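Report on the structure given below.
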Amino acid sequence: KAGCDCGTVLTSEIGELKKSIVYSGDPVNSASRIVSYCKNYQKELLLSEELMERTPLNINLAKEKVDTVTLRGKSSRTTLWTVNEIKNSK
């Protein structure tokens with residue numbers, strides 16, 4: 001399952017012996033909240049409205065509006081989308 005959002009993210013490297021890369025920022029938190037809706041809507045992939053607006057779709061993909069929700073920790077509502085492959089009828 002995957003939840004996707006877009007925006008500015010802070011990337012850091014932590015640790016001395018065992019280094020790890022850490023990502024933080026509002027889009028990371030939003031993506032985490034969005035992925036929690038995948039099970040409710042029985043979808044493998046959910047995307048935020050902002051990401052859908054910025055992403056050109058491949059000719060073999062169709063977007064589908066899933067719902068408009070209020071993500072935990074947010075005051076504004078977010079429309080969730082998914083994409084589906086267009087099957088050829090050959």
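Note on naming: chains are A, B, ... as they come in the structure tokens, residues start from 1 per chain, ligands start from 1 in the order shown.
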Residues near Thr68 in chain A, cut-off 9 Å, only C-alpha atoms, skip fewer than 4 positions along chain, as a PDB file with N, CA, C and O atoms, in the first residue's frame:
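out_26.pdb, written as the output of this step:
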ATOM      1  N   ARG A  77      -9.538  20.112   4.235  1.00  0.00           N
ATOM      2  CA  ARG A  77      -9.878  18.802   3.683  1.00  0.00           C
ATOM      3  C   ARG A  77      -8.983  18.492   2.480  1.00  0.00           C
ATOM      4  O   ARG A  77      -8.530  19.402   1.788  1.00  0.00           O
ATOM      5  N   THR A  78      -8.733  17.226   2.255  1.00  0.00           N
ATOM      6  CA  THR A  78      -7.880  16.750   1.169  1.00  0.00           C
ATOM      7  C   THR A  78      -8.658  15.762   0.322  1.00  0.00           C
ATOM      8  O   THR A  78      -9.261  14.832   0.858  1.00  0.00           O
ATOM      9  N   THR A  79      -8.628  15.949  -0.981  1.00  0.00           N
ATOM     10  CA  THR A  79      -9.256  14.985  -1.878  1.00  0.00           C
ATOM     11  C   THR A  79      -8.243  13.905  -2.204  1.00  0.00           C
ATOM     12  O   THR A  79      -7.100  14.194  -2.553  1.00  0.00           O
ATOM     13  N   LEU A  80      -8.660  12.653  -2.061  1.00  0.00           N
ATOM     14  CA  LEU A  80      -7.805  11.505  -2.352  1.00  0.00           C
ATOM     15  C   LEU A  80      -8.144  10.950  -3.726  1.00  0.00           C
ATOM     16  O   LEU A  80      -9.315  10.863  -4.105  1.00  0.00           O
TER      17      LEU A  80
END
Do you know which residues are at most 10 Å from range 7-16 of chain A counting only C-alpha atoms, after dropping those on the same chain fewer than 6 positions away, and could you put them as a PDB file with N, CA, C and O atoms, in the first residue's frame?
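The new file out.pdb reads:
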ATOM      1  N   VAL A  22      17.050  10.246   7.269  1.00  0.00           N
ATOM      2  CA  VAL A  22      15.768  10.570   7.879  1.00  0.00           C
ATOM      3  C   VAL A  22      15.095  11.646   7.032  1.00  0.00           C
ATOM      4  O   VAL A  22      15.741  12.589   6.594  1.00  0.00           O
ATOM      5  N   TYR A  23      13.810  11.465   6.797  1.00  0.00           N
ATOM      6  CA  TYR A  23      13.014  12.436   6.058  1.00  0.00           C
ATOM      7  C   TYR A  23      11.970  13.015   7.001  1.00  0.00           C
ATOM      8  O   TYR A  23      11.337  12.285   7.748  1.00  0.00           O
ATOM      9  N   SER A  24      11.775  14.336   6.960  1.00  0.00           N
ATOM     10  CA  SER A  24      10.735  14.935   7.787  1.00  0.00           C
ATOM     11  C   SER A  24      10.117  16.109   7.051  1.00  0.00           C
ATOM     12  O   SER A  24      10.707  16.673   6.137  1.00  0.00           O
ATOM     13  N   GLY A  25       8.899  16.430   7.435  1.00  0.00           N
ATOM     14  CA  GLY A  25       8.190  17.538   6.816  1.00  0.00           C
ATOM     15  C   GLY A  25       6.724  17.188   6.645  1.00  0.00           C
ATOM     16  O   GLY A  25       6.314  16.033   6.787  1.00  0.00           O
ATOM     17  N   ASP A  26       5.940  18.194   6.351  1.00  0.00           N
ATOM     18  CA  ASP A  26       4.503  18.026   6.221  1.00  0.00           C
ATOM     19  C   ASP A  26       4.116  16.970   5.178  1.00  0.00           C
ATOM     20  O   ASP A  26       3.233  16.154   5.431  1.00  0.00           O
ATOM     21  N   PRO A  27       4.758  16.918   3.991  1.00  0.00           N
ATOM     22  CA  PRO A  27       4.369  15.899   3.010  1.00  0.00           C
ATOM     23  C   PRO A  27       4.609  14.467   3.502  1.00  0.00           C
ATOM     24  O   PRO A  27       3.851  13.558   3.165  1.00  0.00           O
ATOM     25  N   VAL A  28       5.633  14.270   4.307  1.00  0.00           N
ATOM     26  CA  VAL A  28       5.907  12.933   4.855  1.00  0.00           C
ATOM     27  C   VAL A  28       4.786  12.529   5.810  1.00  0.00           C
ATOM     28  O   VAL A  28       4.267  11.407   5.747  1.00  0.00           O
ATOM     29  N   GLU A  50      -3.076  17.696  -4.458  1.00  0.00           N
ATOM     30  CA  GLU A  50      -1.952  18.519  -4.916  1.00  0.00           C
ATOM     31  C   GLU A  50      -1.013  17.714  -5.817  1.00  0.00           C
ATOM     32  O   GLU A  50      -0.557  18.208  -6.852  1.00  0.00           O
ATOM     33  N   LEU A  51      -0.754  16.481  -5.458  1.00  0.00           N
ATOM     34  CA  LEU A  51       0.120  15.644  -6.282  1.00  0.00           C
ATOM     35  C   LEU A  51      -0.544  15.326  -7.618  1.00  0.00           C
ATOM     36  O   LEU A  51       0.103  15.369  -8.670  1.00  0.00           O
TER      37      LEU A  51
END
Best match for closeness to Asp67 in chain A among A:Ile21, A:Ala31, A:Cys4, A:Cys38, counting only C-alpha atoms: A:Cys38
Please identify the strand (DSSP E or B) residues within chain A (assignment by DSSP from backbone atoms) and present them as a ChimeraX atom specification. /A:2-4,10-14,20-24,45-48,61-69,78-85
Non-local contacts of Leu46 in chain A (12 Å; only C-alpha atoms; under 5 positions in same chain excluded) as an MDAnalysis selection string: chainID A and resid 1:5 30:41 51:52 63:68 78:84
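Coordinates place CA of Arg72 in chain A at a distance of 19.3 Å from CA of Lys43 in chain A.
Of the residues listed (A:Ser76, A:Glu85, A:Leu71, A:Leu45), A:Glu85 shows the shortest atom-to-atom separation from Asn58 in chain A; distances use only C-alpha atoms.
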Using CA of Pro56 in chain A and CA of Gln42 in chain A as the two end points, give the distance in Å to one decimal. 24.0 Å
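Secondary structure from DSSP on the backbone puts helix (DSSP H, G or I) at the following positions of range 34-63 of chain A: A:Ile34, A:Val35, A:Cys38, A:Lys39, A:Asn40, A:Tyr41, A:Glu49, A:Glu50, A:Leu51, A:Met52, A:Glu53, A:Arg54.
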Output file for the residues above (C-alpha atoms, as a PDB file, in the first residue's frame):
ATOM      1  CA  ILE A  34      -3.082   9.020   3.415  1.00  0.00           C
ATOM      2  CA  VAL A  35      -1.744   5.454   3.369  1.00  0.00           C
ATOM      3  CA  CYS A  38      -5.873   2.545   1.634  1.00  0.00           C
ATOM      4  CA  LYS A  39      -7.466  -0.253   3.642  1.00  0.00           C
ATOM      5  CA  ASN A  40     -10.760   1.659   4.132  1.00  0.00           C
ATOM      6  CA  TYR A  41     -11.158   2.214   0.396  1.00  0.00           C
ATOM      7  CA  GLU A  49      -5.086  16.348  -4.773  1.00  0.00           C
ATOM      8  CA  GLU A  50      -1.952  18.519  -4.916  1.00  0.00           C
ATOM      9  CA  LEU A  51       0.120  15.644  -6.282  1.00  0.00           C
ATOM     10  CA  MET A  52      -2.550  14.734  -8.852  1.00  0.00           C
ATOM     11  CA  GLU A  53      -2.617  18.341 -10.076  1.00  0.00           C
ATOM     12  CA  ARG A  54       1.164  18.331 -10.571  1.00  0.00           C
TER      13      ARG A  54
END
re CA of Ile86 in chain A and CA of Ala62 in chain A: distance 6.4 Å
